[in-house]
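Visitor: To be precise about what I am sending: the file is called final.cif and holds mmCIF, C-alpha atoms (C1' of nucleotides).
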```cif
data_entry
loop_
_atom_site.group_PDB
_atom_site.id
_atom_site.type_symbol
_atom_site.label_atom_id
_atom_site.label_comp_id
_atom_site.auth_asym_id
_atom_site.auth_seq_id
_atom_site.Cartn_x
_atom_site.Cartn_y
_atom_site.Cartn_z
ATOM 1 C CA MET A 631 -2.005 18.851 15.591
ATOM 2 C CA ALA A 632 -0.122 18.659 18.873
ATOM 3 C CA LYS A 633 3.054 20.604 19.335
ATOM 4 C CA VAL A 634 6.145 18.762 18.219
ATOM 5 C CA ARG A 635 9.215 18.660 20.456
ATOM 6 C CA LYS A 636 12.733 17.817 19.499
ATOM 7 C CA SER A 637 13.973 14.276 19.858
ATOM 8 C CA LYS A 638 17.307 12.668 19.150
ATOM 9 C CA GLN A 639 15.659 9.783 17.386
ATOM 10 C CA ARG A 640 13.650 11.923 15.015
ATOM 11 C CA ASP A 641 16.660 14.127 14.307
ATOM 12 C CA ARG A 642 18.639 11.111 13.200
ATOM 13 C CA ILE A 643 15.779 9.748 11.121
ATOM 14 C CA ARG A 644 15.512 13.112 9.381
ATOM 15 C CA GLU A 645 19.262 13.065 8.754
ATOM 16 C CA LEU A 646 19.103 9.570 7.321
ATOM 17 C CA LEU A 647 16.334 10.616 4.978
ATOM 18 C CA GLU A 648 18.195 13.679 3.837
ATOM 19 C CA ARG A 649 21.730 12.433 3.567
ATOM 20 C CA GLU A 650 22.219 8.722 3.552
ATOM 21 C CA ARG A 651 19.856 7.435 0.928
ATOM 22 C CA ILE A 652 17.189 8.557 -1.429
ATOM 23 C CA HIS A 653 14.449 6.066 -0.683
ATOM 24 C CA VAL A 654 14.163 4.223 2.603
ATOM 25 C CA THR A 655 11.796 1.856 4.345
ATOM 26 C CA ALA A 656 10.832 1.972 8.005
ATOM 27 C CA SER A 657 12.743 -1.209 8.754
ATOM 28 C CA TRP A 658 15.856 0.011 6.934
ATOM 29 C CA VAL A 659 15.824 3.109 9.117
ATOM 30 C CA TYR A 660 15.317 0.889 12.155
ATOM 31 C CA ASP A 661 18.304 -1.279 11.235
ATOM 32 C CA GLN A 662 20.511 1.750 10.658
ATOM 33 C CA LEU A 663 19.776 3.206 14.073
ATOM 34 C CA ARG A 664 19.700 0.124 16.275
ATOM 35 C CA GLU A 665 23.375 0.456 17.091
ATOM 36 C CA GLU A 666 23.085 4.115 17.973
ATOM 37 C CA PHE A 667 19.869 3.634 19.946
ATOM 38 C CA PRO A 668 19.944 0.074 21.271
ATOM 39 C CA THR A 669 16.433 0.369 22.669
ATOM 40 C CA LEU A 670 14.937 1.896 19.527
ATOM 41 C CA SER A 671 11.624 0.382 18.537
ATOM 42 C CA LEU A 672 10.203 -0.026 15.061
ATOM 43 C CA GLY A 673 6.964 1.498 16.284
ATOM 44 C CA ASN A 674 8.796 4.681 17.116
ATOM 45 C CA VAL A 675 10.368 4.790 13.672
ATOM 46 C CA TYR A 676 6.885 4.660 12.182
ATOM 47 C CA ARG A 677 5.657 7.309 14.586
ATOM 48 C CA ASN A 678 8.453 9.646 13.595
ATOM 49 C CA LEU A 679 8.161 8.987 9.890
ATOM 50 C CA ASN A 680 4.498 9.903 10.171
ATOM 51 C CA ILE A 681 5.369 13.104 11.996
ATOM 52 C CA LEU A 682 7.873 14.034 9.295
ATOM 53 C CA VAL A 683 5.293 13.377 6.610
ATOM 54 C CA ARG A 684 2.669 15.373 8.484
ATOM 55 C CA GLN A 685 5.066 18.273 8.780
ATOM 56 C CA GLY A 686 5.920 18.246 5.121
ATOM 57 C CA GLU A 687 9.504 17.094 5.599
ATOM 58 C CA ALA A 688 9.062 13.655 4.038
ATOM 59 C CA ASN A 689 6.946 11.890 1.457
ATOM 60 C CA ARG A 690 5.394 8.459 1.776
ATOM 61 C CA LEU A 691 5.534 6.565 -1.505
ATOM 62 C CA PRO A 692 3.008 3.732 -1.506
ATOM 63 C CA PHE A 693 4.266 1.708 -4.428
ATOM 64 C CA GLY A 694 2.808 -1.668 -5.218
ATOM 65 C CA SER A 695 5.000 -3.402 -2.654
ATOM 66 C CA THR A 696 3.831 -4.762 0.661
ATOM 67 C CA PHE A 697 5.628 -1.941 2.451
ATOM 68 C CA ASP A 698 5.847 1.829 2.083
ATOM 69 C CA VAL A 699 8.890 3.813 1.050
ATOM 70 C CA TYR A 700 9.819 7.230 2.397
ATOM 71 C CA GLU A 701 11.948 10.040 1.023
ATOM 72 C CA ALA A 702 12.917 13.512 2.177
ATOM 73 C CA VAL A 703 10.900 16.223 0.532
ATOM 74 C CA ARG A 704 12.955 18.020 -2.080
ATOM 75 C CA LYS A 705 12.343 19.559 -5.436
ATOM 76 C CA PRO A 706 9.648 17.888 -7.532
ATOM 77 C CA HIS A 707 10.617 14.743 -9.360
ATOM 78 C CA TYR A 708 9.092 11.570 -10.730
ATOM 79 C CA HIS A 709 9.964 7.950 -9.985
ATOM 80 C CA PHE A 710 10.926 4.930 -11.992
ATOM 81 C CA VAL A 711 10.126 1.675 -10.177
ATOM 82 C CA CYS A 712 11.592 -1.651 -11.278
ATOM 83 C CA GLU A 713 8.911 -4.327 -11.181
ATOM 84 C CA ARG A 714 11.491 -7.034 -10.712
ATOM 85 C CA CYS A 715 13.898 -5.789 -8.045
ATOM 86 C CA GLY A 716 11.936 -2.902 -6.595
ATOM 87 C CA ALA A 717 14.699 -0.395 -7.269
ATOM 88 C CA ILE A 718 13.503 3.191 -7.321
ATOM 89 C CA GLU A 719 15.138 5.884 -9.370
ATOM 90 C CA ASP A 720 14.384 9.577 -9.580
ATOM 91 C CA VAL A 721 13.369 11.090 -12.886
ATOM 92 C CA ALA A 722 13.789 14.812 -13.462
ATOM 93 C CA VAL A 723 10.702 16.883 -14.190
ATOM 94 C CA PRO A 724 10.771 19.189 -17.187
ATOM 95 C CA GLY A 725 8.985 22.299 -15.954
ATOM 96 C CA SER A 726 6.889 22.622 -19.055
ATOM 97 C CA LEU A 727 5.557 19.130 -18.652
ATOM 98 C CA GLN A 728 4.556 19.651 -15.052
ATOM 99 C CA ALA A 729 2.564 22.699 -16.072
ATOM 100 C CA GLN A 730 0.768 20.717 -18.755
ATOM 101 C CA LEU A 731 -0.057 17.972 -16.293
ATOM 102 C CA ASP A 732 -1.405 20.312 -13.665
ATOM 103 C CA SER A 733 -3.525 22.135 -16.192
ATOM 104 C CA LEU A 734 -5.445 18.918 -16.792
ATOM 105 C CA LEU A 735 -7.045 19.334 -13.403
ATOM 106 C CA ASP A 736 -7.135 23.030 -12.605
ATOM 107 C CA ASP A 737 -9.762 24.009 -15.040
ATOM 108 C CA SER A 738 -13.283 22.746 -14.732
ATOM 109 C CA SER A 739 -13.040 20.030 -12.123
ATOM 110 C CA GLY A 740 -13.593 22.154 -9.059
ATOM 111 C CA HIS A 741 -11.031 20.081 -7.203
ATOM 112 C CA ARG A 742 -8.135 21.582 -5.337
ATOM 113 C CA LEU A 743 -4.905 20.104 -6.639
ATOM 114 C CA LEU A 744 -2.263 19.567 -3.991
ATOM 115 C CA ARG A 745 0.327 17.530 -5.801
ATOM 116 C CA THR A 746 0.899 15.366 -8.825
ATOM 117 C CA THR A 747 2.867 12.149 -8.872
ATOM 118 C CA VAL A 748 4.162 10.311 -11.899
ATOM 119 C CA GLU A 749 5.435 6.765 -11.740
ATOM 120 C CA PHE A 750 7.181 4.884 -14.495
ATOM 121 C CA HIS A 751 7.024 1.136 -14.062
ATOM 122 C CA GLY A 752 9.227 -1.270 -15.932
ATOM 123 C CA ILE A 753 12.351 -3.378 -15.774
ATOM 124 C CA CYS A 754 15.545 -1.608 -14.855
ATOM 125 C CA GLN A 755 18.755 -1.890 -16.831
ATOM 126 C CA ALA A 756 20.435 -4.117 -14.252
ATOM 127 C CA CYS A 757 17.576 -6.612 -14.233
ATOM 128 C CA ARG A 758 17.446 -6.664 -18.027
ATOM 129 C CA LYS A 759 21.114 -7.565 -18.102
ATOM 130 C CA LYS A 760 20.536 -10.379 -15.648
ATOM 131 C CA ALA A 761 17.871 -11.862 -17.924
ATOM 132 C CA THR A 762 18.959 -14.800 -20.056
ATOM 133 C CA PRO A 763 19.646 -14.031 -23.735
ATOM 134 C CA SER A 764 16.634 -16.083 -24.763
ATOM 135 C CA SER A 765 14.319 -14.028 -22.616
ATOM 136 C CA GLU A 766 15.283 -10.791 -24.309
ATOM 137 C CA ASP A 767 11.707 -9.607 -24.116
ATOM 138 C CA GLN A 768 12.073 -9.086 -20.416
ATOM 139 C CA MET B 1189 1.586 -19.722 -14.787
ATOM 140 C CA ALA B 1190 -0.865 -22.564 -14.318
ATOM 141 C CA LYS B 1191 -3.746 -22.930 -16.691
ATOM 142 C CA VAL B 1192 -6.785 -20.928 -15.691
ATOM 143 C CA ARG B 1193 -10.205 -22.575 -15.700
ATOM 144 C CA LYS B 1194 -13.558 -20.917 -15.698
ATOM 145 C CA SER B 1195 -15.305 -20.241 -12.441
ATOM 146 C CA LYS B 1196 -18.639 -18.644 -11.650
ATOM 147 C CA GLN B 1197 -17.125 -16.539 -8.912
ATOM 148 C CA ARG B 1198 -14.395 -15.084 -11.080
ATOM 149 C CA ASP B 1199 -16.865 -14.412 -13.888
ATOM 150 C CA ARG B 1200 -19.020 -12.356 -11.567
ATOM 151 C CA ILE B 1201 -16.032 -10.502 -10.133
ATOM 152 C CA ARG B 1202 -14.951 -9.617 -13.669
ATOM 153 C CA GLU B 1203 -18.453 -8.417 -14.439
ATOM 154 C CA LEU B 1204 -18.536 -6.256 -11.344
ATOM 155 C CA LEU B 1205 -15.231 -4.677 -12.313
ATOM 156 C CA GLU B 1206 -16.374 -3.997 -15.835
ATOM 157 C CA ARG B 1207 -19.939 -2.908 -15.342
ATOM 158 C CA GLU B 1208 -20.940 -1.978 -11.869
ATOM 159 C CA ARG B 1209 -18.325 0.501 -10.747
ATOM 160 C CA ILE B 1210 -15.111 2.114 -11.773
ATOM 161 C CA HIS B 1211 -12.973 1.486 -8.726
ATOM 162 C CA VAL B 1212 -13.598 -1.290 -6.234
ATOM 163 C CA THR B 1213 -11.988 -2.796 -3.180
ATOM 164 C CA ALA B 1214 -11.747 -6.480 -2.363
ATOM 165 C CA SER B 1215 -14.179 -6.178 0.497
ATOM 166 C CA TRP B 1216 -16.685 -4.230 -1.614
ATOM 167 C CA VAL B 1217 -16.628 -7.053 -4.156
ATOM 168 C CA TYR B 1218 -17.042 -9.510 -1.307
ATOM 169 C CA ASP B 1219 -20.078 -7.657 0.044
ATOM 170 C CA GLN B 1220 -21.674 -7.470 -3.398
ATOM 171 C CA LEU B 1221 -21.403 -11.200 -3.964
ATOM 172 C CA ARG B 1222 -22.200 -12.610 -0.534
ATOM 173 C CA GLU B 1223 -25.869 -12.897 -1.338
ATOM 174 C CA GLU B 1224 -25.245 -14.632 -4.633
ATOM 175 C CA PHE B 1225 -22.559 -16.938 -3.194
ATOM 176 C CA PRO B 1226 -23.383 -17.379 0.482
ATOM 177 C CA THR B 1227 -20.218 -19.365 1.092
ATOM 178 C CA LEU B 1228 -17.943 -16.913 -0.724
ATOM 179 C CA SER B 1229 -14.757 -16.125 1.156
ATOM 180 C CA LEU B 1230 -12.768 -12.912 1.099
ATOM 181 C CA GLY B 1231 -9.643 -14.943 0.460
ATOM 182 C CA ASN B 1232 -11.134 -16.174 -2.752
ATOM 183 C CA VAL B 1233 -11.971 -12.661 -3.855
ATOM 184 C CA TYR B 1234 -8.312 -11.755 -3.383
ATOM 185 C CA ARG B 1235 -7.208 -14.887 -5.217
ATOM 186 C CA ASN B 1236 -9.383 -14.010 -8.181
ATOM 187 C CA LEU B 1237 -8.487 -10.350 -8.238
ATOM 188 C CA ASN B 1238 -4.861 -11.422 -8.384
ATOM 189 C CA ILE B 1239 -5.599 -13.764 -11.266
ATOM 190 C CA LEU B 1240 -7.367 -10.980 -13.160
ATOM 191 C CA VAL B 1241 -4.424 -8.662 -12.583
ATOM 192 C CA ARG B 1242 -1.961 -11.347 -13.652
ATOM 193 C CA GLN B 1243 -3.944 -11.904 -16.834
ATOM 194 C CA GLY B 1244 -4.054 -8.231 -17.676
ATOM 195 C CA GLU B 1245 -7.786 -7.870 -17.134
ATOM 196 C CA ALA B 1246 -7.541 -5.654 -14.083
ATOM 197 C CA ASN B 1247 -5.240 -3.100 -12.504
ATOM 198 C CA ARG B 1248 -4.295 -2.857 -8.868
ATOM 199 C CA LEU B 1249 -4.057 0.742 -7.719
ATOM 200 C CA PRO B 1250 -2.040 1.003 -4.524
ATOM 201 C CA PHE B 1251 -3.007 4.494 -3.407
ATOM 202 C CA GLY B 1252 -1.993 5.854 -0.055
ATOM 203 C CA SER B 1253 -4.856 4.121 1.691
ATOM 204 C CA THR B 1254 -4.547 1.070 3.872
ATOM 205 C CA PHE B 1255 -6.193 -1.060 1.197
ATOM 206 C CA ASP B 1256 -5.787 -1.559 -2.520
ATOM 207 C CA VAL B 1257 -8.245 -0.525 -5.186
ATOM 208 C CA TYR B 1258 -8.907 -2.468 -8.394
ATOM 209 C CA GLU B 1259 -10.284 -1.441 -11.738
ATOM 210 C CA ALA B 1260 -10.941 -3.188 -15.021
ATOM 211 C CA VAL B 1261 -8.260 -2.568 -17.603
ATOM 212 C CA ARG B 1262 -9.471 -0.122 -20.227
ATOM 213 C CA LYS B 1263 -7.971 2.648 -22.262
ATOM 214 C CA PRO B 1264 -5.178 4.600 -20.555
ATOM 215 C CA HIS B 1265 -6.212 7.241 -18.072
ATOM 216 C CA TYR B 1266 -4.924 9.033 -15.010
ATOM 217 C CA HIS B 1267 -6.467 9.293 -11.545
ATOM 218 C CA PHE B 1268 -7.464 12.060 -9.223
ATOM 219 C CA VAL B 1269 -7.540 10.935 -5.584
ATOM 220 C CA CYS B 1270 -9.230 12.980 -2.874
ATOM 221 C CA GLU B 1271 -7.051 13.094 0.229
ATOM 222 C CA ARG B 1272 -10.045 13.664 2.446
ATOM 223 C CA CYS B 1273 -12.701 11.191 1.334
ATOM 224 C CA GLY B 1274 -10.658 8.841 -0.812
ATOM 225 C CA ALA B 1275 -12.832 9.333 -3.871
ATOM 226 C CA ILE B 1276 -11.138 8.381 -7.107
ATOM 227 C CA GLU B 1277 -11.927 10.009 -10.421
ATOM 228 C CA ASP B 1278 -10.600 9.240 -13.864
ATOM 229 C CA VAL B 1279 -8.723 11.902 -15.793
ATOM 230 C CA ALA B 1280 -8.443 11.670 -19.555
ATOM 231 C CA VAL B 1281 -4.998 11.390 -21.101
ATOM 232 C CA PRO B 1282 -4.096 13.774 -23.908
ATOM 233 C CA GLY B 1283 -2.141 11.617 -26.324
ATOM 234 C CA SER B 1284 0.557 14.192 -26.846
ATOM 235 C CA LEU B 1285 1.238 14.400 -23.149
ATOM 236 C CA GLN B 1286 1.587 10.669 -22.749
ATOM 237 C CA ALA B 1287 4.189 10.628 -25.492
ATOM 238 C CA GLN B 1288 6.157 13.367 -23.776
ATOM 239 C CA LEU B 1289 6.055 11.516 -20.485
ATOM 240 C CA ASP B 1290 7.195 8.269 -21.964
ATOM 241 C CA SER B 1291 10.030 9.952 -23.811
ATOM 242 C CA LEU B 1292 11.507 10.966 -20.461
ATOM 243 C CA LEU B 1293 12.462 7.377 -19.895
ATOM 244 C CA ASP B 1294 12.979 5.749 -23.228
ATOM 245 C CA ASP B 1295 16.145 7.478 -24.143
ATOM 246 C CA SER B 1296 19.293 6.908 -22.193
ATOM 247 C CA SER B 1297 18.135 5.067 -19.118
ATOM 248 C CA GLY B 1298 18.434 1.543 -20.444
ATOM 249 C CA HIS B 1299 15.255 0.645 -18.592
ATOM 250 C CA ARG B 1300 12.325 -1.051 -20.247
ATOM 251 C CA LEU B 1301 9.220 1.025 -19.720
ATOM 252 C CA LEU B 1302 6.067 -1.010 -19.177
ATOM 253 C CA ARG B 1303 3.570 1.591 -18.075
ATOM 254 C CA THR B 1304 3.263 5.080 -16.704
ATOM 255 C CA THR B 1305 0.856 6.166 -14.018
ATOM 256 C CA VAL B 1306 -0.104 9.699 -13.093
ATOM 257 C CA GLU B 1307 -1.916 10.551 -9.903
ATOM 258 C CA PHE B 1308 -3.347 13.892 -8.960
ATOM 259 C CA HIS B 1309 -3.864 14.309 -5.235
ATOM 260 C CA GLY B 1310 -5.987 16.994 -3.710
ATOM 261 C CA ILE B 1311 -9.364 17.811 -2.220
ATOM 262 C CA CYS B 1312 -12.383 17.035 -4.357
ATOM 263 C CA GLN B 1313 -15.126 19.492 -5.073
ATOM 264 C CA ALA B 1314 -17.588 17.785 -2.734
ATOM 265 C CA CYS B 1315 -15.194 17.902 0.211
ATOM 266 C CA ARG B 1316 -14.347 21.536 -0.472
ATOM 267 C CA LYS B 1317 -18.018 22.407 -0.274
ATOM 268 C CA LYS B 1318 -18.326 20.577 3.015
ATOM 269 C CA ALA B 1319 -15.510 22.672 4.475
ATOM 270 C CA THR B 1320 -16.594 25.562 6.704
ATOM 271 C CA PRO B 1321 -16.410 29.037 5.165
ATOM 272 C CA SER B 1322 -13.571 29.948 7.519
ATOM 273 C CA SER B 1323 -11.477 27.030 6.335
ATOM 274 C CA GLU B 1324 -11.584 28.127 2.748
ATOM 275 C CA ASP B 1325 -7.975 27.128 2.304
ATOM 276 C CA GLN B 1326 -8.954 23.508 2.386
ATOM 277 C "C1'" DG C 704 5.434 20.557 35.999
ATOM 278 C "C1'" DT C 705 3.170 19.049 32.094
ATOM 279 C "C1'" DA C 706 2.871 17.785 27.423
ATOM 280 C "C1'" DT C 707 5.316 15.117 24.311
ATOM 281 C "C1'" DC C 708 8.331 11.212 23.257
ATOM 282 C "C1'" DT C 709 9.917 6.466 23.939
ATOM 283 C "C1'" DG C 710 10.064 1.378 24.433
ATOM 284 C "C1'" DC C 711 7.569 -2.437 24.684
ATOM 285 C "C1'" DA C 712 4.070 -5.483 23.532
ATOM 286 C "C1'" DA C 713 -0.283 -6.170 21.855
ATOM 287 C "C1'" DA C 714 -3.621 -4.954 18.472
ATOM 288 C "C1'" DA C 715 -5.287 -3.886 14.049
ATOM 289 C "C1'" DC C 716 -5.566 -4.457 9.338
ATOM 290 C "C1'" DA C 717 -5.262 -6.023 4.608
ATOM 291 C "C1'" DT C 718 -3.647 -9.767 2.201
ATOM 292 C "C1'" DT C 719 -1.866 -14.506 1.549
ATOM 293 C "C1'" DT C 720 -1.596 -19.428 2.327
ATOM 294 C "C1'" DG C 721 -2.384 -24.454 3.665
ATOM 295 C "C1'" DC C 722 -5.484 -27.973 3.817
ATOM 296 C "C1'" DC C 723 -9.074 -30.561 2.066
ATOM 297 C "C1'" DC C 724 -13.137 -30.865 -0.465
ATOM 298 C "C1'" DT C 725 -15.616 -29.496 -4.948
ATOM 299 C "C1'" DT C 726 -15.742 -28.369 -9.688
ATOM 300 C "C1'" DT C 727 -14.039 -28.065 -14.323
ATOM 301 C "C1'" DG C 728 -12.530 -29.981 -18.665
ATOM 302 C "C1'" DC D 945 -9.613 -38.475 -12.986
ATOM 303 C "C1'" DA D 946 -6.132 -35.014 -12.934
ATOM 304 C "C1'" DA D 947 -5.717 -30.193 -12.283
ATOM 305 C "C1'" DA D 948 -7.635 -25.964 -10.921
ATOM 306 C "C1'" DG D 949 -10.928 -23.520 -7.926
ATOM 307 C "C1'" DG D 950 -13.281 -22.618 -3.392
ATOM 308 C "C1'" DG D 951 -14.159 -22.365 1.720
ATOM 309 C "C1'" DC D 952 -12.365 -21.960 5.903
ATOM 310 C "C1'" DA D 953 -9.209 -20.612 9.236
ATOM 311 C "C1'" DA D 954 -4.711 -19.717 10.433
ATOM 312 C "C1'" DA D 955 -0.654 -17.242 9.203
ATOM 313 C "C1'" DT D 956 1.870 -13.299 7.496
ATOM 314 C "C1'" DG D 957 3.721 -8.735 7.332
ATOM 315 C "C1'" DT D 958 3.236 -4.012 7.886
ATOM 316 C "C1'" DT D 959 1.676 -0.345 10.477
ATOM 317 C "C1'" DT D 960 -0.739 1.516 14.573
ATOM 318 C "C1'" DT D 961 -1.814 1.980 19.419
ATOM 319 C "C1'" DG D 962 -2.185 1.763 24.724
ATOM 320 C "C1'" DC D 963 0.367 2.173 28.556
ATOM 321 C "C1'" DA D 964 3.957 3.420 31.943
ATOM 322 C "C1'" DG D 965 8.130 5.523 32.421
ATOM 323 C "C1'" DA D 966 11.618 9.072 30.449
ATOM 324 C "C1'" DT D 967 12.519 13.512 28.390
ATOM 325 C "C1'" DA D 968 11.986 18.217 26.570
ATOM 326 C "C1'" DC D 969 10.789 22.907 27.388
#
```
In structure tokens, what does this structure look like?

Guide:
Amino acid sequence: MAKVRKSKQRDRIRELLERERIHVTASWVYDQLREEFPTLSLGNVYRNLNILVRQGEANRLPFGSTFDVYEAVRKPHYHFVCERCGAIEDVAVPGSLQAQLDSLLDDSSGHRLLRTTVEFHGICQACRKKATPSSEDQ
Amino acid sequence: MAKVRKSKQRDRIRELLERERIHVTASWVYDQLREEFPTLSLGNVYRNLNILVRQGEANRLPFGSTFDVYEAVRKPHYHFVCERCGAIEDVAVPGSLQAQLDSLLDDSSGHRLLRTTVEFHGICQACRKKATPSSEDQ
DNA sequence: GTATCTGCAAAACATTTGCCCTTTG
DNA sequence: CAAAGGGCAAATGTTTTGCAGATAC
């Protein structure tokens, strides 16, 4: 892996990931920074997001959508994804549960476990409220 | 959802999902069936995979890769994904654990939970063996 | 100074879609 | 024979890449 130098653009992308929002897309980041860097290119946003992921500062979350979502790396957590509106919400991880999950793999498989992800898929509260009364099963 | 008629192509795709392999890609399905249906198009494979997913006969698994993976719907299970070679392996679900996971969401969130997925990411046994002795940390 | 970063545009890639003919029921 | 499926090719949308100039160290 080549040496990584500092760059204003990547610094700001890292800041956006860490402070402004929990889950972002490449094009959201691009839109946020266009004013600050009028010549910014989407390709460079992708390049920097990849660098951040490679360096362990960000996670790429490939949900079912047509695009990927990124988040700053922080303490372990799970995700709830709304199938209707795409909203993503963090779910806290009970330590005991994580241990149980990981133990499913450690034992006899011979695989090296790097990380475990849990995704809950469903319909979020807001979307359920939007549903018509007759379609209560949504 | 429009009414779904029978088609030879979709029947064979369903069979492939159920019998031939655990996890398949659209282009693998395409390659398998080209001989049998010389005029088969990749677009049609995608169309039919989408129909099977919509009808609850198949799952789409959007792992980190650049392409999606499909599997026939069967009893609940988790996945181990090798970061190096992309191999996917099923992991059995202890019933008690699944209940604990689901309970994380049911309670106060107000969301409707449709399904829960668990993915273990790491390096599979085969890839670890391939690693040089000096790179034991892989 | 030289390796890395950037903008730009083009390429790559998986997936979807429109059109028109074929098949199913 | 009306509606759904298929083939083909073009379109779509996201992500990556090659190149030439700018920037970091």

Visitor: Can you spell out as a list in words the set of residues that the PyMOL selection byres ((chain D and resi 969) around 12) selects in the structure I just provided?

Guide: Lys633, Val634, Arg635, Lys636 and Ser637 of chain A; DG704, DT705, DA706 and DT707 of chain C; DT967 and DA968 of chain D

Visitor: Where does the PyMOL selection byres ((chain C) within 8 of (chain A)) land in this file, that is, which residues does it pick, as a VMD selection string?

Guide: chain C and resid 707 to 711

Visitor: Give me a file of those residues, with C-alpha atoms (C1' of nucleotides), as an mmCIF file, in the coordinates of the input.

Guide:
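Resulting contents of out.cif:
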```cif
data_model
loop_
_atom_site.group_PDB
_atom_site.id
_atom_site.type_symbol
_atom_site.label_atom_id
_atom_site.label_comp_id
_atom_site.auth_asym_id
_atom_site.auth_seq_id
_atom_site.Cartn_x
_atom_site.Cartn_y
_atom_site.Cartn_z
ATOM 1 C "C1'" DT C 707 5.316 15.117 24.311
ATOM 2 C "C1'" DC C 708 8.331 11.212 23.257
ATOM 3 C "C1'" DT C 709 9.917 6.466 23.939
ATOM 4 C "C1'" DG C 710 10.064 1.378 24.433
ATOM 5 C "C1'" DC C 711 7.569 -2.437 24.684
#
```

Visitor: Could you state which residues are captured by the PyMOL selection byres ((chain D and resi 961) around 10) in this file, as a list of chain:residue names?

Guide: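 When the PyMOL selection byres ((chain D and resi 961) around 10) is applied to the shown file, the picked residues are A:Gly673, C:DA713, C:DA714, C:DA715, D:DT959, D:DT960, D:DG962, D:DC963.
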
Visitor: Restricting the calculation to all atoms listed in the file, which member of A:Asp698, A:Glu713, A:Glu665, A:Asp641 is positioned closest to chain D?

Guide: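 So, comparing all the options, the nearest one is A:Asp698.
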
Visitor: How many Å lie between CA of Ala1246 (chain B) and CA of His1309 (chain B), rounded to one decimal?

Guide: 22.1 Å

Visitor: To one decimal place, how far is CA of Ala722 (chain A) from CA of Lys1263 (chain B) in Å?

Guide: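 Taking CA of Ala722 (chain A) and CA of Lys1263 (chain B), their separation equals 26.4 Å.
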